[in-house]
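Student: Structure: my_file-v3.cif, mmCIF, C-alpha atoms and all ligand atoms.
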data_coords
#
loop_
_atom_site.label_atom_id
_atom_site.label_comp_id
_atom_site.auth_asym_id
_atom_site.auth_seq_id
_atom_site.Cartn_x
_atom_site.Cartn_y
_atom_site.Cartn_z
CA MET A 1 20.24 -4.08 41.03
CA GLN A 2 18.83 -5.92 38.05
CA ALA A 3 18.12 -3.83 34.95
CA ALA A 4 14.45 -3.37 34.11
CA VAL A 5 13.24 -5.86 31.54
CA THR A 6 11.32 -4.44 28.58
CA VAL A 7 8.21 -6.49 28.08
CA PRO A 8 8.01 -7.37 24.40
CA SER A 9 4.72 -6.25 22.98
CA VAL A 10 4.52 -9.08 20.45
CA GLY A 11 1.18 -10.81 20.93
CA ILE A 12 -0.89 -7.80 21.91
CA THR A 13 -3.99 -7.01 19.92
CA LEU A 14 -4.16 -4.22 17.37
CA ASP A 15 -6.73 -2.35 19.48
CA ARG A 16 -4.49 -2.34 22.52
CA PHE A 17 -1.48 -1.37 20.42
CA ILE A 18 -3.36 1.57 18.88
CA LEU A 19 -4.48 2.68 22.33
CA ARG A 20 -0.94 2.48 23.72
CA LYS A 21 0.42 4.51 20.80
CA GLN A 22 -2.35 7.07 21.21
CA LYS A 23 -1.42 7.55 24.88
CA THR A 24 2.10 8.55 23.88
CA PHE A 25 0.57 11.63 22.19
CA PRO A 26 -1.22 13.50 24.98
CA SER A 27 -2.93 15.84 22.51
CA ALA A 28 -4.37 12.98 20.44
CA THR A 29 -8.16 12.93 20.30
CA GLY A 30 -8.46 9.29 19.26
CA ASP A 31 -9.99 10.11 15.87
CA LEU A 32 -7.06 8.74 13.89
CA SER A 33 -7.11 5.63 16.09
CA GLN A 34 -10.73 5.17 15.11
CA VAL A 35 -9.89 5.52 11.41
CA LEU A 36 -7.27 2.78 11.78
CA ARG A 37 -9.79 0.55 13.54
CA ASP A 38 -12.31 1.12 10.74
CA ILE A 39 -9.69 0.19 8.15
CA ALA A 40 -8.81 -2.91 10.14
CA LEU A 41 -12.49 -3.85 10.27
CA ALA A 42 -12.85 -3.39 6.51
CA GLY A 43 -9.82 -5.67 6.11
CA LYS A 44 -11.52 -8.39 8.15
CA ILE A 45 -14.61 -8.17 5.99
CA ILE A 46 -12.63 -8.27 2.74
CA ASN A 47 -10.62 -11.17 4.13
CA ARG A 48 -13.88 -13.04 4.72
CA GLU A 49 -15.01 -12.37 1.14
CA ILE A 50 -11.68 -13.56 -0.26
CA ASN A 51 -11.76 -16.70 1.84
CA ARG A 52 -15.12 -17.74 0.51
CA PHE A 53 -14.01 -16.92 -3.01
CA GLY A 54 -14.65 -19.93 -5.22
CA LEU A 55 -17.63 -20.98 -3.10
CA ALA A 56 -19.73 -18.00 -4.04
CA ASP A 57 -20.42 -16.30 -7.34
CA ILE A 58 -17.90 -13.53 -6.81
CA THR A 59 -15.20 -14.66 -9.20
CA GLY A 60 -14.49 -13.12 -12.59
CA ASP A 61 -15.25 -9.65 -13.85
CA THR A 62 -18.26 -7.43 -13.64
CA ALA A 63 -18.27 -6.84 -17.41
CA THR A 64 -17.80 -3.13 -16.71
CA ASP A 65 -14.52 -1.26 -16.96
CA ASN A 66 -13.20 0.95 -14.19
CA ILE A 67 -12.24 4.52 -15.01
CA GLN A 68 -8.83 3.40 -16.28
CA GLY A 69 -10.36 1.09 -18.86
CA GLU A 70 -9.40 -2.09 -17.02
CA ILE A 71 -11.84 -4.90 -16.43
CA GLN A 72 -13.14 -4.62 -12.91
CA GLN A 73 -13.05 -7.89 -11.03
CA LYS A 74 -16.05 -8.59 -8.87
CA LEU A 75 -13.87 -8.84 -5.79
CA ASP A 76 -12.33 -5.43 -6.57
CA TRP A 77 -15.74 -3.92 -6.47
CA ILE A 78 -16.80 -5.83 -3.37
CA ALA A 79 -13.67 -4.64 -1.57
CA HIS A 80 -14.32 -1.07 -2.69
CA VAL A 81 -17.89 -1.14 -1.39
CA ARG A 82 -17.00 -2.83 1.91
CA PHE A 83 -14.22 -0.37 2.59
CA ILE A 84 -16.39 2.62 1.94
CA ARG A 85 -19.15 1.23 4.13
CA ALA A 86 -16.76 0.74 7.07
CA LEU A 87 -15.44 4.30 6.73
CA VAL A 88 -18.88 5.84 6.30
CA ASN A 89 -20.10 4.09 9.43
CA GLY A 90 -16.98 5.09 11.36
CA GLY A 91 -17.68 8.80 10.94
CA GLU A 92 -14.10 10.15 11.14
CA VAL A 93 -13.51 10.26 7.38
CA CYS A 94 -15.17 12.91 5.21
CA GLY A 95 -13.99 11.74 1.79
CA ILE A 96 -12.36 8.87 -0.06
CA ILE A 97 -10.72 8.35 -3.41
CA SER A 98 -10.35 4.85 -4.76
CA GLU A 99 -8.78 3.16 -7.75
CA GLU A 100 -12.29 2.04 -8.60
CA GLU A 101 -13.94 5.45 -8.98
CA ALA A 102 -13.06 8.61 -10.91
CA GLY A 103 -13.88 11.26 -8.34
CA ILE A 104 -14.24 11.96 -4.64
CA ILE A 105 -16.59 9.77 -2.65
CA ASP A 106 -18.30 12.00 -0.10
CA THR A 107 -18.98 9.87 2.97
CA GLY A 108 -21.64 12.23 4.24
CA ASN A 109 -19.57 12.90 7.38
CA PRO A 110 -18.65 16.60 6.95
CA GLU A 111 -17.33 16.69 10.53
CA GLY A 112 -14.78 13.98 9.70
CA LYS A 113 -11.21 15.29 10.01
CA TYR A 114 -9.60 12.80 7.64
CA VAL A 115 -9.59 11.75 4.00
CA ILE A 116 -8.45 8.41 2.62
CA ALA A 117 -6.92 7.34 -0.67
CA MET A 118 -7.06 3.61 -1.33
CA ASP A 119 -6.64 0.78 -3.74
CA PRO A 120 -9.22 -1.59 -2.27
CA LEU A 121 -7.82 -4.71 -3.97
CA ASP A 122 -4.46 -4.47 -5.66
CA GLY A 123 -3.11 -7.26 -7.86
CA SER A 124 -6.51 -8.05 -9.29
CA SER A 125 -5.11 -10.01 -12.23
CA ASN A 126 -4.15 -12.59 -9.60
CA ILE A 127 -7.58 -12.94 -8.05
CA ASP A 128 -8.75 -15.89 -10.12
CA ALA A 129 -5.54 -17.81 -9.42
CA ASN A 130 -5.75 -17.66 -5.61
CA VAL A 131 -2.53 -15.65 -5.40
CA ALA A 132 -1.86 -13.11 -2.63
CA ILE A 133 -3.52 -9.72 -3.13
CA GLY A 134 -3.77 -6.64 -0.96
CA THR A 135 -5.50 -3.45 0.08
CA ILE A 136 -3.42 -0.24 0.15
CA PHE A 137 -4.47 2.84 2.10
CA SER A 138 -3.26 6.33 2.86
CA VAL A 139 -4.66 8.78 5.42
CA TYR A 140 -4.48 12.61 5.36
CA ARG A 141 -5.80 15.25 7.68
CA ARG A 142 -8.15 17.31 5.53
CA VAL A 143 -7.16 20.85 4.55
CA SER A 144 -10.71 21.96 3.74
CA PRO A 145 -12.77 23.41 6.63
CA LEU A 146 -14.56 21.05 9.00
CA GLY A 147 -18.27 20.89 8.35
CA THR A 148 -17.92 21.17 4.55
CA SER A 149 -17.61 18.63 1.74
CA PRO A 150 -14.14 17.21 0.94
CA THR A 151 -12.25 18.94 -1.87
CA VAL A 152 -9.67 17.99 -4.50
CA GLU A 153 -7.00 19.79 -2.43
CA ASP A 154 -7.60 17.39 0.45
CA PHE A 155 -6.28 14.58 -1.73
CA LEU A 156 -3.51 16.41 -3.58
CA GLN A 157 -1.49 17.42 -0.52
CA GLY A 158 1.52 15.29 -1.51
CA GLY A 159 2.96 12.15 0.06
CA ARG A 160 4.84 13.93 2.85
CA GLN A 161 1.54 15.02 4.37
CA GLN A 162 0.29 11.48 4.99
CA VAL A 163 -0.51 10.94 8.66
CA ALA A 164 -0.79 7.18 8.28
CA ALA A 165 -0.43 4.59 5.56
CA GLY A 166 -0.41 0.85 5.22
CA TYR A 167 -1.62 -2.28 3.56
CA ILE A 168 -3.53 -5.42 4.28
CA LEU A 169 -2.02 -8.49 2.67
CA TYR A 170 -4.36 -11.40 2.00
CA GLY A 171 -1.73 -14.11 1.69
CA SER A 172 -0.98 -17.41 3.42
CA SER A 173 -2.14 -15.43 6.43
CA THR A 174 -3.77 -12.01 6.45
CA MET A 175 -1.59 -9.20 7.74
CA LEU A 176 -2.12 -5.52 8.45
CA VAL A 177 1.08 -3.49 8.17
CA TYR A 178 0.93 0.21 8.90
CA SER A 179 2.76 3.29 10.08
CA THR A 180 1.70 6.57 11.62
CA GLY A 181 5.18 7.99 11.11
CA CYS A 182 6.87 6.25 14.07
CA GLY A 183 8.12 3.07 12.44
CA VAL A 184 6.26 0.23 10.80
CA ASP A 185 4.42 -2.54 12.63
CA GLY A 186 2.86 -5.72 11.30
CA PHE A 187 -0.15 -7.57 12.71
CA THR A 188 -1.28 -11.05 11.77
CA TYR A 189 -5.00 -11.72 11.67
CA GLU A 190 -6.11 -14.56 13.93
CA PRO A 191 -9.42 -15.61 12.37
CA THR A 192 -10.64 -17.73 15.27
CA LEU A 193 -10.28 -14.76 17.63
CA GLY A 194 -11.27 -12.18 15.03
CA GLU A 195 -8.27 -10.11 16.13
CA TYR A 196 -5.11 -8.75 14.57
CA ILE A 197 -2.14 -9.68 16.77
CA LEU A 198 1.17 -7.80 16.76
CA SER A 199 3.57 -10.25 15.13
CA HIS A 200 6.16 -8.02 13.41
CA PRO A 201 7.01 -4.99 15.57
CA ASN A 202 9.24 -2.28 14.19
CA LEU A 203 9.78 -3.74 10.74
CA THR A 204 12.90 -2.63 8.86
CA PHE A 205 14.39 -3.77 5.57
CA PRO A 206 17.29 -6.20 6.12
CA ALA A 207 20.64 -4.51 5.50
CA TYR A 208 21.71 -6.95 2.80
CA SER A 209 19.79 -8.52 -0.05
CA LYS A 210 20.26 -9.69 -3.61
CA THR A 211 16.64 -9.96 -4.75
CA PHE A 212 14.75 -7.92 -7.29
CA SER A 213 11.11 -8.01 -8.37
CA CYS A 214 9.94 -6.78 -11.76
CA ASN A 215 8.15 -7.95 -14.85
CA GLU A 216 11.29 -8.87 -16.79
CA SER A 217 9.35 -9.48 -20.00
CA ASN A 218 8.97 -5.70 -20.25
CA GLN A 219 12.74 -5.22 -20.46
CA ARG A 220 12.75 -4.32 -24.14
CA ASP A 221 10.72 -1.23 -23.21
CA PHE A 222 12.67 -0.22 -20.11
CA PRO A 223 14.94 2.85 -20.20
CA PRO A 224 18.54 1.81 -21.04
CA PHE A 225 19.87 2.56 -17.55
CA VAL A 226 17.33 0.14 -16.05
CA VAL A 227 18.25 -2.60 -18.53
CA GLN A 228 21.88 -1.99 -17.61
CA ARG A 229 21.18 -2.33 -13.88
CA ILE A 230 19.23 -5.53 -14.39
CA GLN A 231 22.12 -6.95 -16.41
CA GLU A 232 24.38 -6.12 -13.45
CA PHE A 233 21.98 -7.96 -11.16
CA TYR A 234 22.21 -11.02 -13.42
CA GLU A 235 25.99 -10.83 -13.36
CA GLN A 236 25.99 -10.59 -9.58
CA ARG A 237 23.72 -13.65 -9.40
CA PHE A 238 20.75 -11.83 -7.88
CA SER A 239 17.51 -13.74 -7.42
CA SER A 240 14.40 -12.65 -9.25
CA ARG A 241 11.08 -12.96 -7.36
CA TYR A 242 7.98 -11.48 -8.98
CA ILE A 243 4.47 -12.29 -7.82
CA GLY A 244 2.87 -9.52 -9.88
CA SER A 245 0.97 -8.36 -6.82
CA PHE A 246 2.56 -5.17 -5.54
CA VAL A 247 1.59 -5.61 -1.89
CA ALA A 248 2.88 -9.18 -1.82
CA ASP A 249 6.12 -8.30 -3.61
CA PHE A 250 6.70 -5.31 -1.33
CA HIS A 251 5.95 -7.35 1.79
CA ARG A 252 8.36 -10.12 0.81
CA ASN A 253 11.06 -7.54 0.18
CA LEU A 254 10.36 -5.87 3.51
CA ILE A 255 10.78 -9.17 5.33
CA LYS A 256 13.65 -10.63 3.31
CA GLY A 257 15.20 -7.60 1.62
CA GLY A 258 14.92 -6.64 -2.02
CA ILE A 259 13.66 -4.10 -4.52
CA TYR A 260 10.42 -3.85 -6.49
CA LEU A 261 10.51 -1.87 -9.71
CA TYR A 262 7.97 -0.85 -12.30
CA PRO A 263 9.81 1.38 -14.78
CA PRO A 264 8.13 3.14 -17.73
CA THR A 265 7.15 0.85 -20.62
CA GLN A 266 5.62 1.44 -24.02
CA THR A 267 2.14 0.71 -22.75
CA HIS A 268 2.73 2.56 -19.49
CA ILE A 269 4.88 5.50 -20.45
CA GLN A 270 4.50 7.11 -17.01
CA GLY A 271 4.88 3.77 -15.23
CA LYS A 272 1.93 1.59 -14.29
CA LEU A 273 1.39 2.18 -10.60
CA ARG A 274 -0.78 4.99 -9.33
CA LEU A 275 0.96 7.69 -7.32
CA ILE A 276 -1.62 8.64 -4.73
CA TYR A 277 -3.12 5.36 -3.58
CA GLU A 278 -0.39 2.85 -4.48
CA CYS A 279 3.01 4.57 -4.46
CA TYR A 280 2.68 7.26 -1.77
CA PRO A 281 1.50 4.87 0.96
CA MET A 282 4.12 2.24 0.14
CA ALA A 283 6.83 4.91 -0.12
CA PHE A 284 5.79 6.20 3.32
CA LEU A 285 6.17 2.68 4.72
CA ALA A 286 9.44 2.13 2.88
CA GLU A 287 11.03 5.27 4.35
CA GLN A 288 9.68 4.45 7.79
CA ALA A 289 11.25 0.98 7.49
CA GLY A 290 14.68 2.36 6.56
CA GLY A 291 14.20 1.80 2.83
CA LYS A 292 13.68 4.15 -0.10
CA ALA A 293 11.22 4.82 -2.89
CA ILE A 294 12.09 6.89 -5.96
CA ASP A 295 10.76 7.51 -9.46
CA GLY A 296 14.31 7.40 -10.86
CA GLN A 297 15.03 11.03 -10.11
CA GLN A 298 13.40 12.03 -6.86
CA PRO A 299 11.82 10.47 -3.79
CA ILE A 300 8.25 9.39 -4.53
CA LEU A 301 7.05 11.34 -1.49
CA ASP A 302 8.42 14.57 -3.02
CA ILE A 303 6.44 14.29 -6.26
CA ILE A 304 3.81 17.02 -6.47
CA PRO A 305 0.54 15.40 -7.53
CA ASN A 306 -1.79 17.02 -10.03
CA ARG A 307 -4.58 14.48 -10.45
CA PHE A 308 -6.07 11.56 -8.56
CA HIS A 309 -5.15 8.72 -10.89
CA GLN A 310 -1.72 9.83 -12.09
CA ARG A 311 0.94 7.18 -12.51
CA THR A 312 4.64 7.13 -11.80
CA PRO A 313 7.65 4.91 -12.41
CA LEU A 314 8.61 3.25 -9.14
CA TYR A 315 11.76 1.78 -7.58
CA ILE A 316 11.11 0.82 -3.96
CA GLY A 317 12.66 -1.32 -1.25
CA SER A 318 16.05 -1.80 0.39
CA SER A 319 18.01 1.47 0.20
CA HIS A 320 21.22 0.01 -1.24
CA LEU A 321 19.25 -1.50 -4.13
CA VAL A 322 17.06 1.52 -4.81
CA ASP A 323 20.24 3.62 -5.05
CA TYR A 324 21.17 1.64 -8.18
CA PHE A 325 18.22 3.21 -10.00
CA GLU A 326 18.92 6.88 -9.52
CA ILE A 327 19.28 8.21 -13.04
CA PRO A 328 22.90 9.23 -13.55
CA SER A 329 23.06 12.99 -14.14
P1 LIG A 401 -3.84 -3.24 -10.42
O1 LIG A 401 -3.97 -2.11 -9.46
O2 LIG A 401 -4.70 -3.06 -11.63
O3 LIG A 401 -4.00 -4.56 -9.77
O4 LIG A 401 -2.33 -3.13 -11.03
C1 LIG A 401 -1.25 -3.08 -10.18
C2 LIG A 401 -0.52 -4.38 -10.26
C3 LIG A 401 0.49 -4.55 -9.16
O5 LIG A 401 -0.07 -5.17 -8.05
C4 LIG A 401 1.51 -5.44 -9.81
O6 LIG A 401 2.76 -5.32 -9.23
C5 LIG A 401 1.50 -4.98 -11.22
O7 LIG A 401 0.22 -4.41 -11.45
C6 LIG A 401 1.69 -6.10 -12.17
O8 LIG A 401 1.73 -5.61 -13.46
P2 LIG A 401 2.20 -6.52 -14.68
O9 LIG A 401 1.15 -7.57 -14.84
O10 LIG A 401 2.26 -5.57 -15.84
O11 LIG A 401 3.54 -7.10 -14.35
MG MG A 402 -3.83 -1.43 -7.86
#
As structure tokens, how would this structure be written, given the file I've shared?

Tutor:
Amino acid sequence: MQAAVTVPSVGITLDRFILRKQKTFPSATGDLSQVLRDIALAGKIINREINRFGLADITGDTATDNIQGEIQQKLDWIAHVRFIRALVNGGEVCGIISEEEAGIIDTGNPEGKYVIAMDPLDGSSNIDANVAIGTIFSVYRRVSPLGTSPTVEDFLQGGRQQVAAGYILYGSSTMLVYSTGCGVDGFTYEPTLGEYILSHPNLTFPAYSKTFSCNESNQRDFPPFVVQRIQEFYEQRFSSRYIGSFVADFHRNLIKGGIYLYPPTQTHIQGKLRLIYECYPMAFLAEQAGGKAIDGQQPILDIIPNRFHQRTPLYIGSSHLVDYFEIPS
């Protein structure tokens, strides 16, 4: 008798994929599936805004600073607003924190079971140059009682409590890559159909790679052990690939193998990237894809958070490369 052939699921739509996954959890209510659909919808809307960038008056900065003192790009703000709108309308999310606002955004859906931490448009220094940028998101089940307003504790649960995380990369094509804790899957947006199509099922970091991504001009500020490792990379003829857009650098490393690092510098003593809405979600994906993410001493997902916008040093990507950056004891 012929062995049963597994039908590859490449080519199915995101909606169908989410539904299939949901059916494998008989107790699932479909609420998380709805959150993922809302995020996907927000991604389509942001994608549309980015694509008409240059035609409309949405370039440049808003002349206001965000809470971290950085100039807010108009597109950053547009992405922030669009994302919130999609999640408010969806109804499953009770609260959001964003890189663009200091505190909790109450969606007015107290019955929503989930909270979201997001960077609506990461890599904003690249916006004006038409370079790939991305949205990063992280989903938690709330710990505060249903029917009440979201609380600080909902967002400070720690990275291991994420129930889903992912990113949307606005690059040469737009991709949604996410995980609910059962591997990582990538979907390519087909604009003429208005659908995300499964194009990269079960993504894992390639076993071998000699690529690293970091802002090498910061080397004079890096801790000595990092400088040492980078020197070893040079000696071993590694390639350096740095877009300066975390989502894009991470994605390339996920597809081709490699490590992204943002160690402490003089201007960013704690590292530059934000723990809760940049590092936790990408660390979740990295571990799900067979890679690693550390701050030099411990896994990123094990760091106990104490405030929304805290930063951390980050070494993330292929396991064998991340291992180089564990601080020798
Ligand atoms: P942002 O959230 O303000 O866009 O900052 C995060 C970005 C990352 O996408 C990128 O990897 C890094 O900052 C680049 O920093 P630098 O210009 O210092 O190399
Ligand atoms: Mg960012």

Student: Taking all atoms listed in the file into account, which of A:Ser98, A:Thr29, A:Asn51, A:Thr265 comes nearest Ser138 in chain A?

Tutor: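 Closest to Ser138 in chain A, using all atoms listed in the file: A:Ser98.
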
Student: Could the residues that lie within 7 Å of ligand LIG 401 (chain A), counting all atoms listed in the file, be listed as number ranges by chain?

Tutor: A: 119, 121-125, 214-215, 244-247, 272-273

Student: What residues have an atom no more than 12 Å from (-13.0, -9.5, 6.4) in the file's own frame, counting only C-alpha atoms, and can you write them as a PDB file with C-alpha atoms, keeping the file's coordinate frame?

Tutor:
ATOM      1  CA  ASP A  38     -12.310   1.120  10.740  1.00  0.00           C
ATOM      2  CA  ILE A  39      -9.690   0.190   8.150  1.00  0.00           C
ATOM      3  CA  ALA A  40      -8.810  -2.910  10.140  1.00  0.00           C
ATOM      4  CA  LEU A  41     -12.490  -3.850  10.270  1.00  0.00           C
ATOM      5  CA  ALA A  42     -12.850  -3.390   6.510  1.00  0.00           C
ATOM      6  CA  GLY A  43      -9.820  -5.670   6.110  1.00  0.00           C
ATOM      7  CA  LYS A  44     -11.520  -8.390   8.150  1.00  0.00           C
ATOM      8  CA  ILE A  45     -14.610  -8.170   5.990  1.00  0.00           C
ATOM      9  CA  ILE A  46     -12.630  -8.270   2.740  1.00  0.00           C
ATOM     10  CA  ASN A  47     -10.620 -11.170   4.130  1.00  0.00           C
ATOM     11  CA  ARG A  48     -13.880 -13.040   4.720  1.00  0.00           C
ATOM     12  CA  GLU A  49     -15.010 -12.370   1.140  1.00  0.00           C
ATOM     13  CA  ILE A  50     -11.680 -13.560  -0.260  1.00  0.00           C
ATOM     14  CA  ASN A  51     -11.760 -16.700   1.840  1.00  0.00           C
ATOM     15  CA  ARG A  52     -15.120 -17.740   0.510  1.00  0.00           C
ATOM     16  CA  ILE A  78     -16.800  -5.830  -3.370  1.00  0.00           C
ATOM     17  CA  ALA A  79     -13.670  -4.640  -1.570  1.00  0.00           C
ATOM     18  CA  ARG A  82     -17.000  -2.830   1.910  1.00  0.00           C
ATOM     19  CA  PHE A  83     -14.220  -0.370   2.590  1.00  0.00           C
ATOM     20  CA  ALA A  86     -16.760   0.740   7.070  1.00  0.00           C
ATOM     21  CA  THR A 135      -5.500  -3.450   0.080  1.00  0.00           C
ATOM     22  CA  ILE A 168      -3.530  -5.420   4.280  1.00  0.00           C
ATOM     23  CA  LEU A 169      -2.020  -8.490   2.670  1.00  0.00           C
ATOM     24  CA  TYR A 170      -4.360 -11.400   2.000  1.00  0.00           C
ATOM     25  CA  THR A 174      -3.770 -12.010   6.450  1.00  0.00           C
ATOM     26  CA  MET A 175      -1.590  -9.200   7.740  1.00  0.00           C
ATOM     27  CA  LEU A 176      -2.120  -5.520   8.450  1.00  0.00           C
ATOM     28  CA  TYR A 189      -5.000 -11.720  11.670  1.00  0.00           C
ATOM     29  CA  GLU A 190      -6.110 -14.560  13.930  1.00  0.00           C
ATOM     30  CA  PRO A 191      -9.420 -15.610  12.370  1.00  0.00           C
ATOM     31  CA  GLY A 194     -11.270 -12.180  15.030  1.00  0.00           C
ATOM     32  CA  GLU A 195      -8.270 -10.110  16.130  1.00  0.00           C
ATOM     33  CA  TYR A 196      -5.110  -8.750  14.570  1.00  0.00           C
TER      34      TYR A 196
END

Student: By how many Å are CA of Asp295 in chain A and CA of Tyr234 in chain A apart?

Tutor: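 For CA of Asp295 in chain A relative to CA of Tyr234 in chain A, the distance reads 22.1 Å.
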
Student: Could you please determine the separation between CA of Gln22 in chain A and CA of Gly91 in chain A in Å, to one decimal place?

Tutor: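 The value is 18.5 Å.
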